[in-house]
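So this one's coords27.cif, mmCIF, C-alpha atoms:
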data_query
loop_
_atom_site.label_atom_id
_atom_site.label_comp_id
_atom_site.auth_asym_id
_atom_site.auth_seq_id
_atom_site.Cartn_x
_atom_site.Cartn_y
_atom_site.Cartn_z
CA MET A 27 26.99 15.82 -19.21
CA THR A 28 27.28 13.22 -16.52
CA SER A 29 28.62 14.14 -13.14
CA LEU A 30 32.20 13.14 -12.50
CA LEU A 31 31.39 12.42 -8.87
CA SER A 32 28.61 10.04 -9.76
CA GLU A 33 31.05 7.93 -11.77
CA LYS A 34 33.34 7.43 -8.81
CA THR A 35 33.12 4.63 -6.26
CA CYS A 36 32.67 5.10 -2.54
CA THR A 37 35.60 3.37 -0.86
CA ALA A 38 36.13 2.26 2.73
CA CYS A 39 37.09 5.25 4.86
CA ARG A 40 39.72 4.89 7.55
CA GLY A 41 40.02 7.20 10.52
CA ASP A 42 43.20 8.64 9.04
CA SER A 43 41.61 9.43 5.66
CA PRO A 44 41.82 13.16 5.01
CA PRO A 45 38.67 15.27 4.93
CA LEU A 46 38.04 17.24 1.75
CA ALA A 47 39.89 20.55 1.55
CA SER A 48 37.85 23.75 1.15
CA GLU A 49 38.60 23.93 -2.59
CA GLU A 50 37.56 20.31 -3.03
CA ILE A 51 34.30 20.99 -1.17
CA GLN A 52 33.57 23.98 -3.41
CA GLN A 53 34.38 21.92 -6.51
CA ALA A 54 32.03 19.15 -5.33
CA LEU A 55 29.23 21.67 -4.71
CA THR A 56 29.47 22.94 -8.29
CA GLU A 57 28.55 19.41 -9.37
CA LEU A 58 25.85 18.88 -6.74
CA THR A 59 22.78 20.92 -7.70
CA GLY A 60 20.92 22.21 -4.67
CA TRP A 61 23.33 20.73 -2.13
CA SER A 62 25.03 22.88 0.45
CA LEU A 63 27.63 22.50 3.16
CA GLU A 64 26.13 22.68 6.65
CA SER A 65 27.93 22.67 9.96
CA VAL A 66 26.13 20.61 12.61
CA ALA A 67 27.82 20.64 16.03
CA ASN A 68 30.99 21.76 14.23
CA ILE A 69 30.86 18.82 11.81
CA ASP A 70 30.66 19.64 8.10
CA GLN A 71 27.94 17.82 6.18
CA PHE A 72 26.66 17.86 2.60
CA ALA A 73 22.89 18.42 2.84
CA LYS A 74 19.87 18.82 0.57
CA THR A 75 16.12 18.84 1.20
CA TYR A 76 14.02 17.09 -1.46
CA LYS A 77 10.33 17.94 -1.87
CA PHE A 78 7.43 15.52 -2.46
CA ASN A 79 3.67 15.87 -2.81
CA ASN A 80 2.78 13.70 0.18
CA PHE A 81 4.23 11.63 3.02
CA VAL A 82 4.21 8.27 1.24
CA ASN A 83 6.44 9.47 -1.59
CA ALA A 84 8.81 11.12 0.87
CA LEU A 85 9.08 7.84 2.81
CA ALA A 86 9.64 5.90 -0.43
CA PHE A 87 12.59 8.17 -1.21
CA THR A 88 13.96 7.67 2.31
CA ASN A 89 13.85 3.92 1.68
CA ALA A 90 15.52 4.25 -1.70
CA VAL A 91 18.38 6.31 -0.24
CA GLY A 92 18.53 3.84 2.66
CA ASN A 93 18.96 0.96 0.20
CA LEU A 94 21.72 2.91 -1.57
CA ALA A 95 23.41 3.47 1.81
CA GLU A 96 23.29 -0.23 2.66
CA GLU A 97 24.66 -1.12 -0.78
CA TYR A 98 27.71 1.08 -0.27
CA GLY A 99 28.09 0.56 3.49
CA HIS A 100 27.94 4.31 4.15
CA HIS A 101 24.94 5.85 5.87
CA PRO A 102 23.43 9.35 5.88
CA ALA A 103 20.99 11.09 8.18
CA LEU A 104 17.51 11.04 6.62
CA LEU A 105 14.98 13.47 8.05
CA THR A 106 11.56 12.43 6.74
CA GLU A 107 8.53 14.70 7.15
CA TRP A 108 5.26 15.21 5.25
CA GLY A 109 6.34 16.24 1.73
CA LYS A 110 10.08 16.44 2.30
CA VAL A 111 13.25 14.52 3.06
CA LYS A 112 16.49 16.13 4.16
CA VAL A 113 19.53 14.01 3.29
CA SER A 114 22.84 14.72 5.05
CA TRP A 115 26.11 12.95 4.24
CA TRP A 116 29.28 13.09 6.34
CA THR A 117 31.87 10.68 7.67
CA HIS A 118 31.76 9.95 11.39
CA LYS A 119 35.36 8.75 11.60
CA ILE A 120 36.80 12.01 10.33
CA LYS A 121 34.04 14.24 11.75
CA GLY A 122 33.66 15.97 8.41
CA VAL A 123 33.18 15.41 4.70
CA HIS A 124 35.25 12.87 2.79
CA GLU A 125 35.18 12.40 -0.99
CA ASN A 126 32.85 9.45 -0.27
CA ASP A 127 30.23 11.90 0.94
CA ALA A 128 30.37 13.92 -2.25
CA ILE A 129 30.10 10.67 -4.23
CA MET A 130 27.09 9.51 -2.19
CA ALA A 131 25.43 12.92 -2.60
CA ALA A 132 25.89 12.57 -6.36
CA LYS A 133 24.37 9.08 -6.26
CA THR A 134 21.44 10.45 -4.20
CA GLU A 135 20.90 13.11 -6.85
CA GLN A 136 20.95 10.51 -9.64
CA LEU A 137 18.46 8.35 -7.72
CA PHE A 138 16.06 11.27 -7.25
CA SER A 139 16.31 12.32 -10.90
CA ALA A 140 15.77 8.79 -12.18
CA ARG A 141 12.84 7.75 -9.97
CA PHE A 142 11.40 10.62 -7.96
CA ALA A 143 11.67 13.90 -9.85
CA PRO A 144 8.33 15.44 -10.90
CA ASP A 145 7.56 15.07 -14.60
CA LYS A 146 9.12 18.14 -16.22
CA SER A 147 7.08 17.87 -19.42
CA MET B 8 -1.00 -1.01 33.49
CA THR B 9 -1.87 0.19 30.05
CA SER B 10 -1.27 3.79 29.11
CA LEU B 11 -4.30 5.98 29.14
CA LEU B 12 -2.98 7.96 26.20
CA SER B 13 -2.56 4.86 24.07
CA GLU B 14 -6.25 4.07 24.50
CA LYS B 15 -7.30 7.41 23.09
CA THR B 16 -7.97 8.20 19.46
CA CYS B 17 -6.17 10.84 17.43
CA THR B 18 -8.83 13.18 16.09
CA ALA B 19 -8.75 15.76 13.33
CA CYS B 20 -7.07 18.92 14.58
CA ARG B 21 -8.37 22.31 13.52
CA GLY B 22 -6.33 25.48 13.57
CA ASP B 23 -8.34 26.71 16.54
CA SER B 24 -7.77 23.58 18.61
CA PRO B 25 -5.98 24.48 21.81
CA PRO B 26 -2.41 23.34 22.42
CA LEU B 27 -1.82 21.32 25.57
CA ALA B 28 -1.34 23.38 28.72
CA SER B 29 1.91 23.01 30.67
CA GLU B 30 0.27 20.75 33.25
CA GLU B 31 -1.20 18.57 30.51
CA ILE B 32 2.24 18.28 28.89
CA GLN B 33 3.80 17.24 32.20
CA GLN B 34 1.03 14.71 32.77
CA ALA B 35 1.56 13.26 29.28
CA LEU B 36 5.32 12.98 29.87
CA THR B 37 4.75 10.91 33.01
CA GLU B 38 3.04 8.35 30.75
CA LEU B 39 5.59 8.55 27.94
CA THR B 40 8.78 6.78 29.05
CA GLY B 41 11.89 8.37 27.60
CA TRP B 42 10.02 11.12 25.77
CA SER B 43 10.82 14.76 26.37
CA LEU B 44 9.51 18.13 25.30
CA GLU B 45 11.84 19.93 22.89
CA SER B 46 11.53 23.41 21.48
CA VAL B 47 12.53 23.59 17.82
CA ALA B 48 12.37 27.11 16.34
CA ASN B 49 10.07 28.00 19.26
CA ILE B 50 7.70 25.12 18.49
CA ASP B 51 7.14 22.56 21.23
CA GLN B 52 7.51 18.93 20.14
CA PHE B 53 7.37 15.56 21.90
CA ALA B 54 10.60 13.74 20.97
CA LYS B 55 12.38 10.47 21.66
CA THR B 56 15.41 8.77 20.10
CA TYR B 57 15.12 4.99 19.72
CA LYS B 58 18.25 2.82 19.42
CA PHE B 59 18.85 -0.11 17.06
CA ASN B 60 21.76 -2.43 16.33
CA ASN B 61 22.12 -1.47 12.65
CA PHE B 62 20.74 0.75 9.91
CA VAL B 63 18.24 -1.74 8.47
CA ASN B 64 16.36 -2.14 11.75
CA ALA B 65 16.32 1.62 12.27
CA LEU B 66 14.83 2.09 8.78
CA ALA B 67 12.26 -0.65 9.45
CA PHE B 68 11.09 1.26 12.53
CA THR B 69 10.91 4.48 10.51
CA ASN B 70 8.63 2.67 8.07
CA ALA B 71 6.49 1.25 10.86
CA VAL B 72 6.00 4.69 12.42
CA GLY B 73 5.37 6.06 8.91
CA ASN B 74 2.61 3.51 8.40
CA LEU B 75 1.11 4.47 11.75
CA ALA B 76 1.23 8.13 10.70
CA GLU B 77 -0.56 7.41 7.43
CA GLU B 78 -3.19 5.36 9.24
CA TYR B 79 -4.05 8.28 11.55
CA GLY B 80 -3.43 11.08 9.04
CA HIS B 81 -0.96 12.78 11.39
CA HIS B 82 2.75 12.85 10.55
CA PRO B 83 5.90 13.19 12.66
CA ALA B 84 9.48 14.07 11.78
CA LEU B 85 11.56 10.89 11.57
CA LEU B 86 15.34 11.31 11.70
CA THR B 87 16.87 8.02 10.62
CA GLU B 88 20.58 7.32 11.11
CA TRP B 89 22.74 4.23 11.56
CA GLY B 90 21.42 2.61 14.75
CA LYS B 91 18.89 5.25 15.75
CA VAL B 92 15.65 6.99 14.89
CA LYS B 93 14.50 10.23 16.45
CA VAL B 94 10.71 10.62 16.38
CA SER B 95 9.18 14.08 16.91
CA TRP B 96 5.46 14.76 17.12
CA TRP B 97 3.84 18.19 16.98
CA THR B 98 0.91 19.85 15.25
CA HIS B 99 1.75 22.27 12.46
CA LYS B 100 -1.60 24.10 12.60
CA ILE B 101 -1.18 25.12 16.21
CA LYS B 102 2.63 25.34 16.15
CA GLY B 103 2.86 23.25 19.28
CA VAL B 104 1.71 20.05 20.91
CA HIS B 105 -1.92 18.95 20.84
CA GLU B 106 -3.33 15.96 22.70
CA ASN B 107 -3.07 14.12 19.36
CA ASP B 108 0.71 14.35 19.61
CA ALA B 109 0.75 12.76 23.05
CA ILE B 110 -1.55 10.03 21.73
CA MET B 111 0.69 9.39 18.71
CA ALA B 112 3.77 9.31 20.95
CA ALA B 113 2.04 6.66 23.08
CA LYS B 114 1.19 4.67 19.94
CA THR B 115 4.83 4.96 18.79
CA GLU B 116 5.94 3.61 22.17
CA GLN B 117 3.52 0.68 21.91
CA LEU B 118 4.73 -0.09 18.39
CA PHE B 119 8.37 -0.13 19.50
CA SER B 120 7.64 -2.32 22.52
CA ALA B 121 5.59 -4.79 20.50
CA ARG B 122 7.87 -5.21 17.50
CA PHE B 123 11.29 -3.57 17.95
CA ALA B 124 12.38 -3.68 21.59
CA PRO B 125 15.43 -5.88 22.28
CA ASP B 126 14.62 -9.19 23.93
CA LYS B 127 14.71 -8.50 27.64
CA SER B 128 15.01 -12.16 28.62
#

Once more with this new file: its structure as C-alpha cells, please.
Amino acid sequence: MTSLLSEKTCTACRGDSPPLASEEIQQALTELTGWSLESVANIDQFAKTYKFNNFVNALAFTNAVGNLAEEYGHHPALLTEWGKVKVSWWTHKIKGVHENDAIMAAKTEQLFSARFAPDKS
Amino acid sequence: MTSLLSEKTCTACRGDSPPLASEEIQQALTELTGWSLESVANIDQFAKTYKFNNFVNALAFTNAVGNLAEEYGHHPALLTEWGKVKVSWWTHKIKGVHENDAIMAAKTEQLFSARFAPDKS
C-alpha cells in the first residue's frame, strides 16, 4: 500500500497557514514509519535518524535529501555523522509542523527505501 | 600569520589518548576564530556555525568538510540547514576533545576561508 502522504504535493506555505492539529500529527505518524514528533526550543518537528554503514553513505543520503529539498523549495535540518543522518522537518513561518512537513517526511522515507535501504534479502 | 594548529597533522587516536587539558583548550580557542567549546550530553566539543546565502552553498560546504573528514579518517557532526552549517568536532573514544579535534577545526576554518568566505572586497 502506498502512503497517502507521499502522493500529496508540498505547496507554498504562508505565515497564516495553520499548523497541523494534534490528531493530524498522530495520523501522519501512523503513516511515517520510525518518525517521531520532537519539540526543539518549543517548536514541533518531525524527525527520524537513518543508519548507514559508513560516513560516505550517510553524506550521500544527506545530499539526496538536500536535492529533494531544493526541488520542493522546503528545507530540513540534516545532522550528518559517521553512520547516521538525522532528518528534521518543520516550517519556520508557523514555528511548527505543517502538512508540507509530513509530505516531505514521506518523500524522505520513499527516497531512503528506494536508494539507501540495506538489502533485505 | 598562519595558524599553528593548521600546520599540524591529525594522528590516529587511541582510547587511552589524553583529552586536551583546560589550558590547552583555551589556547586552541585563541587560534580558532569563532569556535567555542560546547558540552553536549557531558561531552566537550569544538563547534562553530558558518553562514551561507542559501541552502545549496551550505550543502556544498558540508560536502567539503565531509571530504576533509574522509581524508583524515576523523569525522565531525555536520548540521546543515538553509543558510547555515554547524560543525562540531570531538573524539568518540575519549568522549571529549583531543588535539586532533583542534587540528580539524583549524583545517575547517582554512577550508571555509579559501573556498566559501564571502568576498571581503

Sorted per-residue table, chain B near chain A, closest atoms and distance, 12 Å, all atoms listed in the file, as a Markdown table:
| residue | atom | partner | partner_atom | distance |
| --- | --- | --- | --- | --- |
| B:Asn61 | CA | A:Glu96 | CA | 10.1 |
| B:Phe62 | CA | A:His101 | CA | 7.7 |
| B:Val63 | CA | A:Glu96 | CA | 7.8 |
| B:Asn64 | CA | A:Gly92 | CA | 11.1 |
| B:Ala65 | CA | A:Gly92 | CA | 10.1 |
| B:Leu66 | CA | A:Gly92 | CA | 7.4 |
| B:Ala67 | CA | A:Asn89 | CA | 9.2 |
| B:Phe68 | CA | A:Asn89 | CA | 11.5 |
| B:Thr69 | CA | A:Leu85 | CA | 8.6 |
| B:Asn70 | CA | A:Leu85 | CA | 7.4 |
| B:Ala71 | CA | A:Leu85 | CA | 10.7 |
| B:Val72 | CA | A:Leu85 | CA | 10.6 |
| B:Gly73 | CA | A:Leu85 | CA | 7.4 |
| B:Asn74 | CA | A:Val82 | CA | 8.7 |
| B:Leu75 | CA | A:Val82 | CA | 11.6 |
| B:Ala76 | CA | A:Phe81 | CA | 9.0 |
| B:Glu77 | CA | A:Phe81 | CA | 7.8 |
| B:Glu78 | CA | A:Val82 | CA | 11.3 |
| B:Gly80 | CA | A:Phe81 | CA | 9.8 |
| B:His81 | CA | A:Trp108 | CA | 9.1 |
| B:His82 | CA | A:Trp108 | CA | 6.3 |
| B:Pro83 | CA | A:Glu107 | CA | 6.3 |
| B:Ala84 | CA | A:Glu107 | CA | 4.8 |
| B:Leu85 | CA | A:Thr106 | CA | 5.1 |
| B:Leu86 | CA | A:Leu105 | CA | 4.3 |
| B:Thr87 | CA | A:Leu104 | CA | 5.1 |
| B:Glu88 | CA | A:Ala103 | CA | 4.8 |
| B:Trp89 | CA | A:His101 | CA | 6.3 |
| B:Gly90 | CA | A:His101 | CA | 10.1 |
| B:Lys91 | CA | A:Ala103 | CA | 9.8 |
| B:Val92 | CA | A:Leu104 | CA | 9.4 |
| B:Lys93 | CA | A:Leu105 | CA | 9.0 |
| B:Val94 | CA | A:Leu105 | CA | 9.8 |
| B:Ser95 | CA | A:Glu107 | CA | 9.8 |
| B:Trp96 | CA | A:Glu107 | CA | 10.4 |
| B:Trp97 | CA | A:Glu107 | CA | 11.4 |
| B:Thr98 | CA | A:Trp108 | CA | 11.9 |
| B:His99 | CA | A:Trp108 | CA | 10.7 |

With distances taken over all atoms listed in the file, which of B:Lys15, B:Arg122, B:Lys102, B:Lys58 is nearest to B:Ser46?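 Checking each of B:Lys15, B:Arg122, B:Lys102, B:Lys58 against B:Ser46, counting all atoms listed in the file, the winner is B:Lys102.
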
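The list of residues with at least one atom within 9 Å of B:Phe123, based on only C-alpha atoms and without residues fewer than 2 positions apart in the same chain, reads Phe59, Asn64, Phe68, Leu118, Phe119, Ser120, Ala121, Pro125 and Asp126 of chain B.
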
Any chance you could fit chain B onto chain A with least squares, all Cα atoms in order, and share the moved copy as a compact mmCIF listing (two decimals) with C-alpha atoms, in the frame of the given file?
# COMPACT_ATOMS: atom_id res chain seq x y z
CA MET B 8 27.04 15.87 -19.19
CA THR B 9 27.29 13.24 -16.54
CA SER B 10 28.63 14.13 -13.13
CA LEU B 11 32.18 13.15 -12.49
CA LEU B 12 31.40 12.43 -8.86
CA SER B 13 28.61 10.03 -9.75
CA GLU B 14 31.06 7.94 -11.77
CA LYS B 15 33.33 7.44 -8.80
CA THR B 16 33.14 4.64 -6.27
CA CYS B 17 32.67 5.09 -2.54
CA THR B 18 35.59 3.37 -0.86
CA ALA B 19 36.14 2.26 2.71
CA CYS B 20 37.11 5.25 4.84
CA ARG B 21 39.71 4.88 7.56
CA GLY B 22 40.03 7.19 10.52
CA ASP B 23 43.20 8.64 9.03
CA SER B 24 41.62 9.43 5.67
CA PRO B 25 41.81 13.14 5.00
CA PRO B 26 38.67 15.26 4.93
CA LEU B 27 38.06 17.24 1.76
CA ALA B 28 39.89 20.55 1.56
CA SER B 29 37.86 23.75 1.16
CA GLU B 30 38.61 23.93 -2.56
CA GLU B 31 37.58 20.30 -3.01
CA ILE B 32 34.31 20.99 -1.17
CA GLN B 33 33.59 23.98 -3.41
CA GLN B 34 34.39 21.93 -6.50
CA ALA B 35 32.04 19.16 -5.33
CA LEU B 36 29.24 21.68 -4.69
CA THR B 37 29.47 22.95 -8.27
CA GLU B 38 28.55 19.41 -9.36
CA LEU B 39 25.86 18.88 -6.73
CA THR B 40 22.79 20.94 -7.69
CA GLY B 41 20.92 22.22 -4.66
CA TRP B 42 23.33 20.73 -2.14
CA SER B 43 25.03 22.89 0.45
CA LEU B 44 27.62 22.50 3.16
CA GLU B 45 26.15 22.69 6.66
CA SER B 46 27.94 22.66 9.98
CA VAL B 47 26.13 20.60 12.60
CA ALA B 48 27.82 20.63 16.03
CA ASN B 49 30.99 21.76 14.22
CA ILE B 50 30.86 18.83 11.80
CA ASP B 51 30.67 19.64 8.10
CA GLN B 52 27.94 17.80 6.18
CA PHE B 53 26.66 17.86 2.60
CA ALA B 54 22.88 18.42 2.83
CA LYS B 55 19.87 18.83 0.57
CA THR B 56 16.12 18.85 1.21
CA TYR B 57 14.03 17.10 -1.45
CA LYS B 58 10.33 17.94 -1.88
CA PHE B 59 7.43 15.54 -2.46
CA ASN B 60 3.67 15.88 -2.81
CA ASN B 61 2.78 13.70 0.20
CA PHE B 62 4.23 11.64 3.02
CA VAL B 63 4.21 8.27 1.24
CA ASN B 64 6.43 9.47 -1.60
CA ALA B 65 8.80 11.13 0.86
CA LEU B 66 9.08 7.85 2.81
CA ALA B 67 9.64 5.91 -0.43
CA PHE B 68 12.60 8.17 -1.22
CA THR B 69 13.96 7.68 2.30
CA ASN B 70 13.85 3.93 1.69
CA ALA B 71 15.52 4.27 -1.70
CA VAL B 72 18.37 6.32 -0.24
CA GLY B 73 18.52 3.83 2.66
CA ASN B 74 18.96 0.98 0.20
CA LEU B 75 21.70 2.92 -1.56
CA ALA B 76 23.40 3.47 1.81
CA GLU B 77 23.28 -0.23 2.65
CA GLU B 78 24.65 -1.12 -0.78
CA TYR B 79 27.72 1.09 -0.27
CA GLY B 80 28.08 0.56 3.49
CA HIS B 81 27.95 4.31 4.14
CA HIS B 82 24.94 5.87 5.87
CA PRO B 83 23.45 9.37 5.87
CA ALA B 84 20.99 11.09 8.18
CA LEU B 85 17.52 11.05 6.61
CA LEU B 86 14.97 13.48 8.05
CA THR B 87 11.57 12.43 6.75
CA GLU B 88 8.53 14.70 7.12
CA TRP B 89 5.27 15.22 5.25
CA GLY B 90 6.34 16.25 1.74
CA LYS B 91 10.08 16.44 2.29
CA VAL B 92 13.25 14.53 3.06
CA LYS B 93 16.48 16.13 4.16
CA VAL B 94 19.53 14.02 3.29
CA SER B 95 22.85 14.71 5.04
CA TRP B 96 26.11 12.95 4.24
CA TRP B 97 29.26 13.09 6.34
CA THR B 98 31.87 10.68 7.67
CA HIS B 99 31.75 9.94 11.38
CA LYS B 100 35.37 8.74 11.58
CA ILE B 101 36.80 12.00 10.33
CA LYS B 102 34.04 14.24 11.74
CA GLY B 103 33.66 15.96 8.41
CA VAL B 104 33.19 15.40 4.71
CA HIS B 105 35.26 12.87 2.78
CA GLU B 106 35.18 12.39 -0.98
CA ASN B 107 32.85 9.44 -0.28
CA ASP B 108 30.23 11.90 0.95
CA ALA B 109 30.37 13.91 -2.26
CA ILE B 110 30.10 10.67 -4.22
CA MET B 111 27.08 9.51 -2.19
CA ALA B 112 25.44 12.92 -2.60
CA ALA B 113 25.88 12.58 -6.37
CA LYS B 114 24.37 9.08 -6.25
CA THR B 115 21.44 10.44 -4.20
CA GLU B 116 20.90 13.12 -6.85
CA GLN B 117 20.94 10.51 -9.63
CA LEU B 118 18.46 8.35 -7.72
CA PHE B 119 16.06 11.26 -7.25
CA SER B 120 16.30 12.32 -10.90
CA ALA B 121 15.77 8.79 -12.18
CA ARG B 122 12.86 7.75 -9.98
CA PHE B 123 11.38 10.62 -7.95
CA ALA B 124 11.66 13.91 -9.84
CA PRO B 125 8.32 15.43 -10.91
CA ASP B 126 7.54 15.04 -14.59
CA LYS B 127 9.05 18.07 -16.26
CA SER B 128 7.02 17.70 -19.45

Quick one: apply the PyMOL selection byres ((chain B and resi 113) around 8) to the file and drop the selected residues here as a VMD selection string. chain B and resid 10 12 to 13 38 to 39 109 to 112 114 to 117

Output C-alpha atoms for every residue in the selection just made, as an mmCIF file, in the coordinates of the input.
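Wrote part-v5.cif, looks like this:
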data_model
loop_
_atom_site.group_PDB
_atom_site.id
_atom_site.type_symbol
_atom_site.label_atom_id
_atom_site.label_comp_id
_atom_site.auth_asym_id
_atom_site.auth_seq_id
_atom_site.Cartn_x
_atom_site.Cartn_y
_atom_site.Cartn_z
ATOM 1 C CA SER B 10 -1.270 3.790 29.110
ATOM 2 C CA LEU B 12 -2.980 7.960 26.200
ATOM 3 C CA SER B 13 -2.560 4.860 24.070
ATOM 4 C CA GLU B 38 3.040 8.350 30.750
ATOM 5 C CA LEU B 39 5.590 8.550 27.940
ATOM 6 C CA ALA B 109 0.750 12.760 23.050
ATOM 7 C CA ILE B 110 -1.550 10.030 21.730
ATOM 8 C CA MET B 111 0.690 9.390 18.710
ATOM 9 C CA ALA B 112 3.770 9.310 20.950
ATOM 10 C CA LYS B 114 1.190 4.670 19.940
ATOM 11 C CA THR B 115 4.830 4.960 18.790
ATOM 12 C CA GLU B 116 5.940 3.610 22.170
ATOM 13 C CA GLN B 117 3.520 0.680 21.910
#

Carefully work through the PyMOL selection byres ((chain B and resi 41) around 10) for this structure and note down the residues it includes, as a count of residues only. 12

Sphere at (-4.1, 28.5, 16.8), radius 12 Å, counting only C-alpha atoms: residues as a list in words: Cys20, Arg21, Gly22, Asp23, Ser24, Pro25, Pro26, Leu27, Thr98, His99, Lys100, Ile101, Lys102, Gly103, Val104 and His105 of chain B

Please indicate the distance in Å from atom CA of A:Asn68 to atom CA of A:Leu30, rounded to one decimal place.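 Going from atom CA of A:Asn68 over to atom CA of A:Leu30 covers 28.1 Å.
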
Kindly give the distance, in Å, that separates atom CA of A:Leu63 and atom CA of B:Leu44, rounded to a single decimal. 28.9 Å

The distance between atom CA of B:Gln34 and atom CA of B:Asn107 is 14.0 Å

Output file: stretch 42-87 of chain A, C-alpha atoms, as an mmCIF file, in the first residue's frame:
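What follows is the written file decode.cif:
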data_model
loop_
_atom_site.group_PDB
_atom_site.id
_atom_site.type_symbol
_atom_site.label_atom_id
_atom_site.label_comp_id
_atom_site.auth_asym_id
_atom_site.auth_seq_id
_atom_site.Cartn_x
_atom_site.Cartn_y
_atom_site.Cartn_z
ATOM 1 C CA ASP A 42 -1.004 32.317 8.161
ATOM 2 C CA SER A 43 -1.175 28.645 7.135
ATOM 3 C CA PRO A 44 -2.407 26.579 10.062
ATOM 4 C CA PRO A 45 -0.091 24.108 11.764
ATOM 5 C CA LEU A 46 -1.281 20.505 11.892
ATOM 6 C CA ALA A 47 -3.682 19.733 14.731
ATOM 7 C CA SER A 48 -2.712 17.042 17.253
ATOM 8 C CA GLU A 49 -4.977 14.460 15.589
ATOM 9 C CA GLU A 50 -3.487 15.258 12.195
ATOM 10 C CA ILE A 51 0.026 14.853 13.598
ATOM 11 C CA GLN A 52 -0.888 11.458 15.077
ATOM 12 C CA GLN A 53 -2.470 10.398 11.780
ATOM 13 C CA ALA A 54 0.670 11.439 9.882
ATOM 14 C CA LEU A 55 2.889 9.483 12.297
ATOM 15 C CA THR A 56 0.905 6.296 11.643
ATOM 16 C CA GLU A 57 1.998 6.619 8.012
ATOM 17 C CA LEU A 58 5.603 7.606 8.771
ATOM 18 C CA THR A 59 7.486 4.529 9.977
ATOM 19 C CA GLY A 60 10.141 5.390 12.539
ATOM 20 C CA TRP A 61 9.380 9.114 12.568
ATOM 21 C CA SER A 62 8.507 10.915 15.766
ATOM 22 C CA LEU A 63 7.433 14.364 16.847
ATOM 23 C CA GLU A 64 10.176 16.247 18.683
ATOM 24 C CA SER A 65 9.982 19.611 20.354
ATOM 25 C CA VAL A 66 13.109 21.714 19.812
ATOM 26 C CA ALA A 67 13.039 25.102 21.576
ATOM 27 C CA ASN A 68 9.255 24.709 21.758
ATOM 28 C CA ILE A 69 8.959 24.118 18.007
ATOM 29 C CA ASP A 70 7.408 20.825 16.885
ATOM 30 C CA GLN A 71 9.393 18.908 14.270
ATOM 31 C CA PHE A 72 9.012 15.561 12.508
ATOM 32 C CA ALA A 73 12.324 13.737 12.994
ATOM 33 C CA LYS A 74 13.964 10.420 12.134
ATOM 34 C CA THR A 75 17.541 9.139 12.355
ATOM 35 C CA TYR A 76 18.642 6.917 9.459
ATOM 36 C CA LYS A 77 21.553 4.497 9.883
ATOM 37 C CA PHE A 78 24.373 3.779 7.400
ATOM 38 C CA ASN A 79 27.472 1.604 7.413
ATOM 39 C CA ASN A 80 29.964 4.443 6.977
ATOM 40 C CA PHE A 81 30.303 8.211 6.626
ATOM 41 C CA VAL A 82 30.274 8.352 2.820
ATOM 42 C CA ASN A 83 26.861 6.696 2.538
ATOM 43 C CA ALA A 84 25.454 8.938 5.252
ATOM 44 C CA LEU A 85 26.707 12.006 3.368
ATOM 45 C CA ALA A 86 25.258 10.666 0.100
ATOM 46 C CA PHE A 87 21.848 10.432 1.779
#
